[in-house]
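**Q** File input.pdb follows (PDB, C-alpha atoms):
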```pdb
ATOM      1  CA  MET G   1     321.547 -92.539  88.660
ATOM      2  CA  VAL G   2     318.103 -93.534  87.470
ATOM      3  CA  LEU G   3     315.882 -91.909  84.871
ATOM      4  CA  SER G   4     312.482 -91.234  86.398
ATOM      5  CA  ALA G   5     309.272 -91.424  84.405
ATOM      6  CA  ALA G   6     309.311 -87.623  84.267
ATOM      7  CA  ASP G   7     312.917 -87.640  82.982
ATOM      8  CA  LYS G   8     311.995 -90.107  80.236
ATOM      9  CA  ALA G   9     308.988 -88.010  79.238
ATOM     10  CA  ASN G  10     311.124 -84.849  79.152
ATOM     11  CA  VAL G  11     313.775 -86.509  76.980
ATOM     12  CA  LYS G  12     311.258 -87.992  74.536
ATOM     13  CA  ALA G  13     309.449 -84.664  74.264
ATOM     14  CA  THR G  14     312.731 -82.831  73.658
ATOM     15  CA  PHE G  15     313.802 -85.110  70.834
ATOM     16  CA  GLY G  16     310.269 -84.996  69.479
ATOM     17  CA  LYS G  17     310.489 -81.207  69.234
ATOM     18  CA  ILE G  18     314.022 -81.285  67.793
ATOM     19  CA  GLY G  19     312.726 -83.744  65.187
ATOM     20  CA  GLY G  20     314.474 -83.687  61.839
ATOM     21  CA  GLN G  21     316.915 -81.025  63.014
ATOM     22  CA  ALA G  22     318.716 -83.576  65.179
ATOM     23  CA  GLU G  23     321.464 -83.928  62.547
ATOM     24  CA  GLU G  24     322.184 -80.210  62.686
ATOM     25  CA  TYR G  25     322.213 -80.323  66.466
ATOM     26  CA  GLY G  26     324.735 -83.166  66.334
ATOM     27  CA  ALA G  27     327.029 -81.347  63.919
ATOM     28  CA  ASP G  28     326.758 -78.106  65.902
ATOM     29  CA  ALA G  29     327.603 -79.951  69.137
ATOM     30  CA  LEU G  30     330.685 -81.526  67.580
ATOM     31  CA  GLU G  31     331.874 -78.229  66.117
ATOM     32  CA  ARG G  32     331.519 -76.566  69.508
ATOM     33  CA  MET G  33     333.289 -79.453  71.236
ATOM     34  CA  PHE G  34     336.315 -79.249  68.921
ATOM     35  CA  ILE G  35     336.588 -75.491  69.450
ATOM     36  CA  THR G  36     335.864 -75.419  73.189
ATOM     37  CA  TYR G  37     337.842 -78.546  74.099
ATOM     38  CA  PRO G  38     340.642 -78.797  71.521
ATOM     39  CA  GLN G  39     341.974 -82.003  73.076
ATOM     40  CA  THR G  40     338.926 -83.793  71.661
ATOM     41  CA  LYS G  41     340.329 -83.264  68.182
ATOM     42  CA  THR G  42     342.956 -85.901  68.943
ATOM     43  CA  TYR G  43     340.369 -88.571  68.189
ATOM     44  CA  PHE G  44     339.869 -87.229  64.661
ATOM     45  CA  PRO G  45     343.311 -86.844  63.056
ATOM     46  CA  HIS G  46     341.823 -88.250  59.877
ATOM     47  CA  PHE G  47     339.085 -85.590  59.664
ATOM     48  CA  ASP G  48     338.998 -82.163  58.137
ATOM     49  CA  LEU G  49     337.849 -80.214  61.186
ATOM     50  CA  GLY G  50     337.559 -76.854  59.439
ATOM     51  CA  LYS G  51     334.349 -74.835  59.524
ATOM     52  CA  GLY G  52     331.546 -76.453  57.555
ATOM     53  CA  SER G  53     333.423 -79.727  57.208
ATOM     54  CA  ALA G  54     331.360 -82.388  55.481
ATOM     55  CA  GLN G  55     333.027 -85.019  57.651
ATOM     56  CA  VAL G  56     331.994 -83.245  60.852
ATOM     57  CA  LYS G  57     328.454 -82.865  59.513
ATOM     58  CA  GLY G  58     328.381 -86.549  58.646
ATOM     59  CA  HIS G  59     329.677 -87.535  62.036
ATOM     60  CA  GLY G  60     327.252 -85.193  63.768
ATOM     61  CA  LYS G  61     324.446 -87.000  61.959
ATOM     62  CA  LYS G  62     325.692 -90.334  63.346
ATOM     63  CA  VAL G  63     325.972 -88.977  66.882
ATOM     64  CA  ALA G  64     322.487 -87.475  66.691
ATOM     65  CA  ALA G  65     321.029 -90.713  65.315
ATOM     66  CA  ALA G  66     322.482 -92.602  68.280
ATOM     67  CA  LEU G  67     320.982 -90.120  70.749
ATOM     68  CA  VAL G  68     317.602 -90.366  69.008
ATOM     69  CA  GLU G  69     317.819 -94.157  69.107
ATOM     70  CA  ALA G  70     318.624 -94.039  72.830
ATOM     71  CA  ALA G  71     315.710 -91.652  73.444
ATOM     72  CA  ASN G  72     313.351 -93.904  71.490
ATOM     73  CA  ASN G  73     314.479 -96.899  73.539
ATOM     74  CA  ILE G  74     314.903 -95.075  76.794
ATOM     75  CA  ASP G  75     313.825 -98.044  78.892
ATOM     76  CA  ASP G  76     316.769-100.026  77.587
ATOM     77  CA  ILE G  77     319.538 -97.676  76.478
ATOM     78  CA  ALA G  78     322.147-100.392  77.049
ATOM     79  CA  GLY G  79     320.313-102.701  74.666
ATOM     80  CA  ALA G  80     319.737-100.035  72.057
ATOM     81  CA  LEU G  81     323.392 -98.928  72.043
ATOM     82  CA  SER G  82     324.992-102.326  72.655
ATOM     83  CA  LYS G  83     326.827-102.426  69.328
ATOM     84  CA  LEU G  84     328.024 -98.844  69.749
ATOM     85  CA  SER G  85     329.189 -99.751  73.227
ATOM     86  CA  ASP G  86     331.242-102.634  71.780
ATOM     87  CA  LEU G  87     332.690-100.312  69.152
ATOM     88  CA  HIS G  88     333.783 -97.728  71.703
ATOM     89  CA  ALA G  89     335.324-100.388  73.953
ATOM     90  CA  GLN G  90     337.164-102.369  71.331
ATOM     91  CA  LYS G  91     338.056 -99.920  68.615
ATOM     92  CA  LEU G  92     337.456 -96.251  69.445
ATOM     93  CA  ARG G  93     338.447 -96.235  73.136
ATOM     94  CA  VAL G  94     337.497 -92.606  73.636
ATOM     95  CA  ASP G  95     338.474 -91.640  77.184
ATOM     96  CA  PRO G  96     335.328 -91.544  79.315
ATOM     97  CA  VAL G  97     335.874 -87.928  80.337
ATOM     98  CA  ASN G  98     335.074 -86.790  76.796
ATOM     99  CA  PHE G  99     331.443 -87.906  76.851
ATOM    100  CA  LYS G 100     330.746 -85.242  79.487
ATOM    101  CA  LEU G 101     332.336 -82.640  77.241
ATOM    102  CA  LEU G 102     330.174 -83.588  74.260
ATOM    103  CA  GLY G 103     327.152 -83.704  76.565
ATOM    104  CA  GLN G 104     327.831 -80.144  77.729
ATOM    105  CA  CYS G 105     328.089 -78.994  74.116
ATOM    106  CA  PHE G 106     324.853 -80.740  73.170
ATOM    107  CA  LEU G 107     323.064 -78.946  76.021
ATOM    108  CA  VAL G 108     324.524 -75.635  74.838
ATOM    109  CA  VAL G 109     323.214 -76.352  71.326
ATOM    110  CA  VAL G 110     319.722 -77.019  72.653
ATOM    111  CA  ALA G 111     320.019 -73.843  74.734
ATOM    112  CA  THR G 112     321.062 -71.672  71.790
ATOM    113  CA  ARG G 113     318.601 -73.114  69.264
ATOM    114  CA  ASN G 114     315.600 -73.785  71.468
ATOM    115  CA  PRO G 115     316.008 -71.918  74.770
ATOM    116  CA  SER G 116     312.359 -72.218  75.773
ATOM    117  CA  LEU G 117     312.684 -75.981  75.546
ATOM    118  CA  LEU G 118     315.467 -76.078  78.138
ATOM    119  CA  THR G 119     313.577 -75.395  81.339
ATOM    120  CA  PRO G 120     315.524 -76.292  84.504
ATOM    121  CA  GLU G 121     313.553 -79.559  84.759
ATOM    122  CA  VAL G 122     314.259 -80.546  81.142
ATOM    123  CA  HIS G 123     317.891 -79.455  81.585
ATOM    124  CA  ALA G 124     318.188 -81.853  84.519
ATOM    125  CA  SER G 125     316.533 -84.721  82.616
ATOM    126  CA  LEU G 126     318.641 -84.211  79.491
ATOM    127  CA  ASP G 127     321.830 -83.994  81.541
ATOM    128  CA  LYS G 128     320.946 -87.291  83.244
ATOM    129  CA  PHE G 129     320.090 -88.870  79.889
ATOM    130  CA  LEU G 130     323.385 -87.776  78.324
ATOM    131  CA  CYS G 131     325.249 -89.145  81.369
ATOM    132  CA  ALA G 132     323.399 -92.437  80.986
ATOM    133  CA  VAL G 133     324.369 -92.644  77.304
ATOM    134  CA  GLY G 134     328.016 -91.950  78.180
ATOM    135  CA  THR G 135     327.907 -94.613  80.879
ATOM    136  CA  VAL G 136     326.523 -97.179  78.430
ATOM    137  CA  LEU G 137     329.136 -96.350  75.793
ATOM    138  CA  THR G 138     331.987 -96.830  78.285
ATOM    139  CA  ALA G 139     330.453 -99.751  80.195
ATOM    140  CA  LYS G 140     332.494-102.446  78.455
ATOM    141  CA  TYR G 141     335.836-100.633  78.607
ATOM    142  CA  ARG G 142     337.202-102.982  81.283
TER
ATOM    143  CA  MET N 143     349.446 -66.575  84.088
ATOM    144  CA  VAL N 144     346.389 -66.989  81.893
ATOM    145  CA  GLN N 145     346.656 -65.262  78.532
ATOM    146  CA  TRP N 146     343.631 -63.697  76.919
ATOM    147  CA  THR N 147     343.586 -62.712  73.268
ATOM    148  CA  ALA N 148     342.004 -59.418  72.269
ATOM    149  CA  GLU N 149     339.122 -61.384  70.763
ATOM    150  CA  GLU N 150     338.555 -63.301  74.002
ATOM    151  CA  LYS N 151     338.554 -60.080  76.040
ATOM    152  CA  GLN N 152     335.985 -58.622  73.657
ATOM    153  CA  LEU N 153     333.786 -61.707  73.827
ATOM    154  CA  ILE N 154     333.897 -61.624  77.627
ATOM    155  CA  ALA N 155     333.152 -57.904  77.948
ATOM    156  CA  GLY N 156     330.499 -58.062  75.262
ATOM    157  CA  VAL N 157     328.571 -60.853  76.935
ATOM    158  CA  TRP N 158     328.983 -59.403  80.427
ATOM    159  CA  GLY N 159     327.653 -56.067  79.226
ATOM    160  CA  ARG N 160     324.429 -57.747  78.075
ATOM    161  CA  LEU N 161     323.871 -59.729  81.268
ATOM    162  CA  ARG N 162     321.301 -58.965  83.912
ATOM    163  CA  VAL N 163     323.477 -60.152  86.788
ATOM    164  CA  GLU N 164     320.677 -60.552  89.321
ATOM    165  CA  GLU N 165     318.489 -62.592  86.971
ATOM    166  CA  CYS N 166     321.266 -64.744  85.520
ATOM    167  CA  GLY N 167     322.881 -65.334  88.895
ATOM    168  CA  ALA N 168     319.599 -66.472  90.392
ATOM    169  CA  GLU N 169     318.912 -68.717  87.408
ATOM    170  CA  ALA N 170     322.388 -70.250  87.447
ATOM    171  CA  LEU N 171     322.259 -71.110  91.153
ATOM    172  CA  ALA N 172     318.714 -72.470  90.852
ATOM    173  CA  ARG N 173     319.715 -74.675  87.929
ATOM    174  CA  LEU N 174     322.760 -75.925  89.862
ATOM    175  CA  LEU N 175     320.505 -76.997  92.747
ATOM    176  CA  ILE N 176     317.992 -78.593  90.357
ATOM    177  CA  VAL N 177     320.324 -80.322  87.891
ATOM    178  CA  TYR N 178     322.827 -81.466  90.540
ATOM    179  CA  PRO N 179     320.635 -81.846  93.635
ATOM    180  CA  TRP N 180     323.486 -83.001  95.863
ATOM    181  CA  THR N 181     324.739 -79.398  95.761
ATOM    182  CA  GLN N 182     321.805 -78.554  98.033
ATOM    183  CA  ARG N 183     323.962 -79.911 100.868
ATOM    184  CA  PHE N 184     325.531 -76.470 101.248
ATOM    185  CA  PHE N 185     322.228 -74.691 101.627
ATOM    186  CA  SER N 186     320.348 -76.481 104.403
ATOM    187  CA  ASP N 187     319.359 -73.126 105.885
ATOM    188  CA  PHE N 188     317.792 -71.834 102.684
ATOM    189  CA  GLY N 189     314.329 -73.135 103.488
ATOM    190  CA  ASN N 190     312.190 -74.806 100.857
ATOM    191  CA  LEU N 191     314.265 -76.557  98.163
ATOM    192  CA  SER N 192     311.819 -79.413  97.740
ATOM    193  CA  SER N 193     311.007 -78.942  94.045
ATOM    194  CA  PRO N 194     312.265 -77.041  91.000
ATOM    195  CA  THR N 195     309.410 -74.551  91.455
ATOM    196  CA  ALA N 196     310.317 -74.053  95.122
ATOM    197  CA  ILE N 197     313.994 -73.586  94.267
ATOM    198  CA  ILE N 198     313.340 -71.094  91.464
ATOM    199  CA  GLY N 199     311.028 -69.042  93.685
ATOM    200  CA  ASN N 200     313.186 -69.230  96.802
ATOM    201  CA  PRO N 201     314.285 -65.693  97.736
ATOM    202  CA  LYS N 202     317.484 -66.907  99.442
ATOM    203  CA  VAL N 203     318.467 -68.744  96.258
ATOM    204  CA  ARG N 204     317.841 -65.611  94.204
ATOM    205  CA  ALA N 205     319.824 -63.434  96.588
ATOM    206  CA  HIS N 206     322.737 -65.825  96.814
ATOM    207  CA  GLY N 207     322.771 -66.351  93.055
ATOM    208  CA  LYS N 208     323.038 -62.610  92.566
ATOM    209  CA  LYS N 209     325.880 -62.469  95.121
ATOM    210  CA  VAL N 210     327.797 -65.285  93.406
ATOM    211  CA  LEU N 211     327.511 -63.835  89.903
ATOM    212  CA  THR N 212     328.352 -60.332  91.120
ATOM    213  CA  SER N 213     331.514 -61.790  92.610
ATOM    214  CA  PHE N 214     332.205 -63.555  89.302
ATOM    215  CA  GLY N 215     332.108 -60.080  87.763
ATOM    216  CA  GLU N 216     335.322 -59.297  89.614
ATOM    217  CA  ALA N 217     337.041 -61.819  87.359
ATOM    218  CA  VAL N 218     335.620 -60.059  84.295
ATOM    219  CA  LYS N 219     336.994 -56.746  85.583
ATOM    220  CA  ASN N 220     340.379 -58.238  86.493
ATOM    221  CA  LEU N 221     341.116 -60.760  83.756
ATOM    222  CA  ASP N 222     344.846 -60.394  84.220
ATOM    223  CA  SER N 223     344.828 -61.070  87.965
ATOM    224  CA  ILE N 224     342.067 -63.576  88.588
ATOM    225  CA  LYS N 225     344.170 -65.654  91.003
ATOM    226  CA  ASN N 226     344.740 -62.659  93.276
ATOM    227  CA  THR N 227     341.177 -61.469  92.930
ATOM    228  CA  PHE N 228     339.819 -64.726  94.351
ATOM    229  CA  SER N 229     342.592 -65.509  96.834
ATOM    230  CA  GLN N 230     340.570 -64.681  99.929
ATOM    231  CA  LEU N 231     337.388 -66.235  98.570
ATOM    232  CA  SER N 232     339.383 -69.398  97.930
ATOM    233  CA  GLU N 233     340.460 -69.555 101.553
ATOM    234  CA  LEU N 234     336.894 -68.889 102.665
ATOM    235  CA  HIS N 235     335.473 -71.701 100.517
ATOM    236  CA  CYS N 236     338.066 -74.104 101.912
ATOM    237  CA  ASP N 237     338.306 -73.144 105.571
ATOM    238  CA  LYS N 238     334.830 -71.924 106.402
ATOM    239  CA  LEU N 239     332.455 -73.170 103.729
ATOM    240  CA  HIS N 240     334.111 -76.576 103.074
ATOM    241  CA  VAL N 241     333.016 -76.654  99.427
ATOM    242  CA  ASP N 242     334.488 -79.349  97.159
ATOM    243  CA  PRO N 243     336.070 -77.450  94.235
ATOM    244  CA  GLU N 244     334.275 -79.770  91.814
ATOM    245  CA  ASN N 245     331.213 -77.643  92.585
ATOM    246  CA  PHE N 246     332.889 -74.602  90.999
ATOM    247  CA  ARG N 247     333.239 -76.572  87.765
ATOM    248  CA  LEU N 248     329.608 -77.657  87.914
ATOM    249  CA  LEU N 249     328.422 -74.072  88.445
ATOM    250  CA  GLY N 250     330.678 -72.894  85.621
ATOM    251  CA  ASP N 251     329.105 -75.369  83.191
ATOM    252  CA  ILE N 252     325.629 -74.298  84.313
ATOM    253  CA  LEU N 253     326.508 -70.624  83.825
ATOM    254  CA  VAL N 254     327.611 -71.345  80.243
ATOM    255  CA  ILE N 255     324.244 -72.972  79.549
ATOM    256  CA  VAL N 256     322.360 -70.029  81.104
ATOM    257  CA  LEU N 257     324.319 -67.653  78.876
ATOM    258  CA  ALA N 258     323.461 -69.842  75.897
ATOM    259  CA  THR N 259     319.730 -69.673  76.606
ATOM    260  CA  HIS N 260     319.866 -65.887  76.896
ATOM    261  CA  LEU N 261     322.127 -65.122  73.944
ATOM    262  CA  THR N 262     320.931 -67.953  71.655
ATOM    263  CA  LYS N 263     322.569 -67.658  68.238
ATOM    264  CA  ASP N 264     324.877 -64.893  69.482
ATOM    265  CA  PHE N 265     326.479 -67.499  71.748
ATOM    266  CA  THR N 266     328.766 -68.605  68.955
ATOM    267  CA  PRO N 267     331.238 -71.470  69.308
ATOM    268  CA  ALA N 268     334.026 -68.910  69.859
ATOM    269  CA  CYS N 269     331.950 -67.255  72.556
ATOM    270  CA  GLN N 270     331.255 -70.583  74.233
ATOM    271  CA  ALA N 271     334.944 -71.548  74.115
ATOM    272  CA  THR N 272     335.972 -68.225  75.689
ATOM    273  CA  TRP N 273     333.416 -68.430  78.473
ATOM    274  CA  GLN N 274     334.159 -72.109  79.134
ATOM    275  CA  LYS N 275     337.804 -71.035  79.495
ATOM    276  CA  LEU N 276     336.845 -68.184  81.853
ATOM    277  CA  VAL N 277     334.707 -70.334  84.138
ATOM    278  CA  GLY N 278     337.546 -72.861  84.231
ATOM    279  CA  VAL N 279     340.037 -70.178  85.221
ATOM    280  CA  VAL N 280     337.706 -68.891  87.959
ATOM    281  CA  ALA N 281     337.144 -72.419  89.271
ATOM    282  CA  HIS N 282     340.891 -72.985  89.338
ATOM    283  CA  ALA N 283     341.480 -69.703  91.204
ATOM    284  CA  LEU N 284     338.830 -70.568  93.783
ATOM    285  CA  ALA N 285     340.465 -73.943  94.379
ATOM    286  CA  ARG N 286     343.988 -72.600  94.486
ATOM    287  CA  LYS N 287     344.218 -71.871  98.211
ATOM    288  CA  TYR N 288     342.801 -75.211  99.311
ATOM    289  CA  HIS N 289     344.907 -77.215 101.692
TER
END
```
What is this structure when it is put down as structure tokens?

**A**
Amino acid sequence: MVLSAADKANVKATFGKIGGQAEEYGADALERMFITYPQTKTYFPHFDLGKGSAQVKGHGKKVAAALVEAANNIDDIAGALSKLSDLHAQKLRVDPVNFKLLGQCFLVVVATRNPSLLTPEVHASLDKFLCAVGTVLTAKYR
Amino acid sequence: MVQWTAEEKQLIAGVWGRLRVEECGAEALARLLIVYPWTQRFFSDFGNLSSPTAIIGNPKVRAHGKKVLTSFGEAVKNLDSIKNTFSQLSELHCDKLHVDPENFRLLGDILVIVLATHLTKDFTPACQATWQKLVGVVAHALARKYH
């Protein structure tokens, strides 16, 4: 799966429009993931996962920052997220299936907060981008 | 058997009541064909699917999208017997249509996103969780008679 020039443009434009709200989007996506896919909570036994949790907000900010970084370095996502990829392989070891779940929730967040942004073409590009990020983060697992 | 809480039943009925089935069905199928283009393999007789614009405007896509979502409505009306409701459709998708059940999951995820764009802030996390559960149950029922 390859990101076309149009895909890259769509992704950059999307994150450009989301701008400073990316942190909120990240937190919202995590909250939705924990509620929609409760099994994902197993990776956060040390977190307060209640509504409005400061830890979830903080983690959402980190997730969003990584997505923004990937979007800003979209020609070399593997390079941009190399350290995060190491972290996920060596320490976090989140099962690969969960990246799709978070990706779905992130798309839902964009859809609820900025529906006009999520045209079918942008939807396709973002979905591909999120898949690419997941692939990079699990690339060193074995 | 799948259990639905009173809150889940309300969230399902509430959302369904606000849906324009024809429009949402058409949009969901179009997005499936655009976001996951390999799904076009089932629709070689639908004519022009060469671009997102062509897919969105394709009258066969619109008609089939409406048909699919209308059928989905049977699950909404029969939450306590979804397996039975889709028993024959499951056989059809296996024996005649030869559709990989993974496609039901893909369409389910797309439908959730379509609902999100239409309902925006009303598509709360609880609402999303309920509908993600429903599309999963429907996908499972449609795959159940595969052999």

**Q** Could you state the separation of CA of Arg32 in chain G and CA of Ser223 in chain N in Å, given to one decimal place?

**A**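 Those two atoms sit 27.5 Å apart.
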
**Q** Quick one: contact table of chain N to chain G, 10 Å max, nearest atom pair and distance in Å to one decimal per residue, counting only C-alpha atoms, chain and number order, as a tab-separated table?

**A**
```
residue	atom	partner	partner_atom	distance
N:Glu169	CA	G:Pro120	CA	8.8
N:Ala170	CA	G:Pro120	CA	9.6
N:Ala172	CA	G:Pro120	CA	8.1
N:Arg173	CA	G:Pro120	CA	5.6
N:Leu174	CA	G:Pro120	CA	9.0
N:Leu175	CA	G:Pro120	CA	9.7
N:Ile176	CA	G:Ala124	CA	6.7
N:Val177	CA	G:Ala124	CA	4.3
N:Tyr178	CA	G:Ala124	CA	7.6
N:Pro179	CA	G:Ala124	CA	9.4
N:Ser193	CA	G:Glu121	CA	9.6
N:Pro194	CA	G:Glu121	CA	6.9
N:Thr195	CA	G:Glu121	CA	9.3
N:Ile198	CA	G:Pro120	CA	9.0
N:Asp251	CA	G:Gln104	CA	7.4
N:Ile252	CA	G:Gln104	CA	9.1
N:Val254	CA	G:Val108	CA	7.6
N:Ile255	CA	G:Val108	CA	5.4
N:Val256	CA	G:Ala111	CA	7.8
N:Leu257	CA	G:Ala111	CA	8.6
N:Ala258	CA	G:Thr112	CA	5.1
N:Thr259	CA	G:Ala111	CA	4.6
N:His260	CA	G:Pro115	CA	7.5
N:Leu261	CA	G:Thr112	CA	7.0
N:Thr262	CA	G:Thr112	CA	3.7
N:Lys263	CA	G:Thr112	CA	5.6
N:Asp264	CA	G:Thr112	CA	8.1
N:Phe265	CA	G:Thr112	CA	6.8
N:Thr266	CA	G:Arg32	CA	8.4
N:Pro267	CA	G:Arg32	CA	5.1
N:Ala268	CA	G:Ile35	CA	7.1
N:Cys269	CA	G:Thr36	CA	9.1
N:Gln270	CA	G:Thr36	CA	6.8
N:Ala271	CA	G:Thr36	CA	4.1
N:Thr272	CA	G:Thr36	CA	7.6
N:Trp273	CA	G:Thr36	CA	9.1
N:Gln274	CA	G:Thr36	CA	7.0
N:Lys275	CA	G:Thr36	CA	7.9
```

**Q** Within 10 Å of (326.5, -58.7, 90.6) (coordinates as in the file), grab all the protein and nucleic acid residues, counting all atoms listed in the file, and write them out as a PyMOL selection string.

**A** chain N and resi 161-167+207-216

**Q** One number please: CA of Glu24 in chain G to CA of Val63 in chain G, in Å, one decimal.

**A** 10.4 Å

**Q** Could you tell me how far CA of Met1 in chain G sits from CA of Tyr141 in chain G, in Å to one decimal place?

**A**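 We find that CA of Tyr141 in chain G and CA of Met1 in chain G lie 19.3 Å from each other.
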
**Q** Quick check on the file I pasted: which residues fall under the PyMOL selection byres ((chain G and resi 139) around 9)? Write them as a PyMOL selection string.

**A** chain G and resi 78+85-86+89+134-138+140-142

**Q** Would you please work out which residue, of G:Val97, G:Leu102, G:Ala9, G:Leu84, is nearest to Ala65 in chain G when using all atoms listed in the file?

**A**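 The answer is G:Leu84, which sits nearest to Ala65 in chain G.
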
**Q** Range 198-216 of chain N, all listed atoms, 3 Å padding on each side: what axis-aligned box centre and edge lengths in Å to one decimal come out, as AutoDock Vina command-line options?

**A**
```
--center_x 323.2 --center_y -65.2 --center_z 93.6 --size_x 30.3 --size_y 17.8 --size_z 17.7
```

**Q** Within 10 Å of (335.7, -59.7, 78.5) (file coordinates; only C-alpha atoms), which protein or nucleic acid residues are there? I'd like them as a PDB file with C-alpha atoms, keeping the file's coordinate frame.

**A**
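out.pdb, written as the output of this step:
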```pdb
ATOM      1  CA  TRP N 146     343.631 -63.697  76.919  1.00  0.00           C
ATOM      2  CA  THR N 147     343.586 -62.712  73.268  1.00  0.00           C
ATOM      3  CA  ALA N 148     342.004 -59.418  72.269  1.00  0.00           C
ATOM      4  CA  GLU N 149     339.122 -61.384  70.763  1.00  0.00           C
ATOM      5  CA  GLU N 150     338.555 -63.301  74.002  1.00  0.00           C
ATOM      6  CA  LYS N 151     338.554 -60.080  76.040  1.00  0.00           C
ATOM      7  CA  GLN N 152     335.985 -58.622  73.657  1.00  0.00           C
ATOM      8  CA  LEU N 153     333.786 -61.707  73.827  1.00  0.00           C
ATOM      9  CA  ILE N 154     333.897 -61.624  77.627  1.00  0.00           C
ATOM     10  CA  ALA N 155     333.152 -57.904  77.948  1.00  0.00           C
ATOM     11  CA  GLY N 156     330.499 -58.062  75.262  1.00  0.00           C
ATOM     12  CA  VAL N 157     328.571 -60.853  76.935  1.00  0.00           C
ATOM     13  CA  TRP N 158     328.983 -59.403  80.427  1.00  0.00           C
ATOM     14  CA  GLY N 159     327.653 -56.067  79.226  1.00  0.00           C
ATOM     15  CA  GLY N 215     332.108 -60.080  87.763  1.00  0.00           C
ATOM     16  CA  ALA N 217     337.041 -61.819  87.359  1.00  0.00           C
ATOM     17  CA  VAL N 218     335.620 -60.059  84.295  1.00  0.00           C
ATOM     18  CA  LYS N 219     336.994 -56.746  85.583  1.00  0.00           C
ATOM     19  CA  ASN N 220     340.379 -58.238  86.493  1.00  0.00           C
ATOM     20  CA  LEU N 221     341.116 -60.760  83.756  1.00  0.00           C
ATOM     21  CA  THR N 272     335.972 -68.225  75.689  1.00  0.00           C
ATOM     22  CA  TRP N 273     333.416 -68.430  78.473  1.00  0.00           C
ATOM     23  CA  LEU N 276     336.845 -68.184  81.853  1.00  0.00           C
TER      24      LEU N 276
END
```

**Q** Which polymer residues have any atom within 10 Å of an atom of Tyr43 in chain G, counting all atoms listed in the file, with same-chain residues fewer than 2 positions away left out, as a PyMOL selection string?

**A** chain G and resi 39-41+45-47+92-95

**Q** What would the selection look like, as a ChimeraX atom specification, if the PyMOL selection byres ((chain N and resi 244) around 12) were run on the coordinates I just shared?

**A** /N:178,180-181,235,240-243,245-251,278,281-282,284-285

**Q** What's the 7 Å shell around Tyr288 in chain N, counting all atoms listed in the file, without same-chain residues fewer than 6 positions away, as a list in words?

**A**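 Residues near the query, excluding close chain neighbours: Ser232, Glu233 and Cys236 of chain N.
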
**Q** For the file shown, report as a PyMOL selection string the outcome of the PyMOL selection byres ((chain G and resi 67) around 10) at residue level.

**A** chain G and resi 15+22+26+61-66+68-74+77+81+129-130+133

**Q** Of the candidates G:Asn98, G:Ser82, G:Thr14, G:Gln21, which one gets nearest to Thr42 in chain G if we count all atoms listed in the file?

**A**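 Among the listed residues, the smallest separation from Thr42 in chain G belongs to G:Asn98.
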
**Q** Provide range 206-214 of chain N of the preceding structure as a file containing N, CA, C and O atoms, as a CSV table (one decimal), in the first residue's frame.

**A**
```csv
chain,number,residue,atom,x,y,z
N,206,HIS,N,-28.0,0.0,-5.0
N,206,HIS,CA,-27.6,-1.1,-4.2
N,206,HIS,C,-27.3,-0.7,-2.8
N,206,HIS,O,-27.6,-1.5,-1.8
N,207,GLY,N,-26.8,0.5,-2.6
N,207,GLY,CA,-26.5,1.0,-1.2
N,207,GLY,C,-27.8,1.1,-0.5
N,207,GLY,O,-27.9,0.7,0.7
N,208,LYS,N,-28.9,1.6,-1.1
N,208,LYS,CA,-30.2,1.7,-0.5
N,208,LYS,C,-30.7,0.3,-0.1
N,208,LYS,O,-31.2,0.1,1.0
N,209,LYS,N,-30.5,-0.6,-1.0
N,209,LYS,CA,-31.0,-2.0,-0.8
N,209,LYS,C,-30.3,-2.6,0.5
N,209,LYS,O,-30.9,-3.2,1.3
N,210,VAL,N,-28.9,-2.4,0.5
N,210,VAL,CA,-28.2,-3.0,1.6
N,210,VAL,C,-28.6,-2.4,2.9
N,210,VAL,O,-28.8,-3.1,3.9
N,211,LEU,N,-28.7,-1.1,3.0
N,211,LEU,CA,-29.0,-0.4,4.3
N,211,LEU,C,-30.5,-0.7,4.7
N,211,LEU,O,-30.8,-0.9,5.9
N,212,THR,N,-31.4,-0.8,3.7
N,212,THR,CA,-32.7,-1.2,4.0
N,212,THR,C,-32.8,-2.6,4.7
N,212,THR,O,-33.5,-2.8,5.7
N,213,SER,N,-32.0,-3.5,4.1
N,213,SER,CA,-31.9,-4.8,4.7
N,213,SER,C,-31.3,-4.8,6.1
N,213,SER,O,-31.7,-5.5,7.0
N,214,PHE,N,-30.3,-3.9,6.3
N,214,PHE,CA,-29.7,-3.7,7.6
N,214,PHE,C,-30.8,-3.3,8.6
N,214,PHE,O,-30.7,-3.7,9.8
```
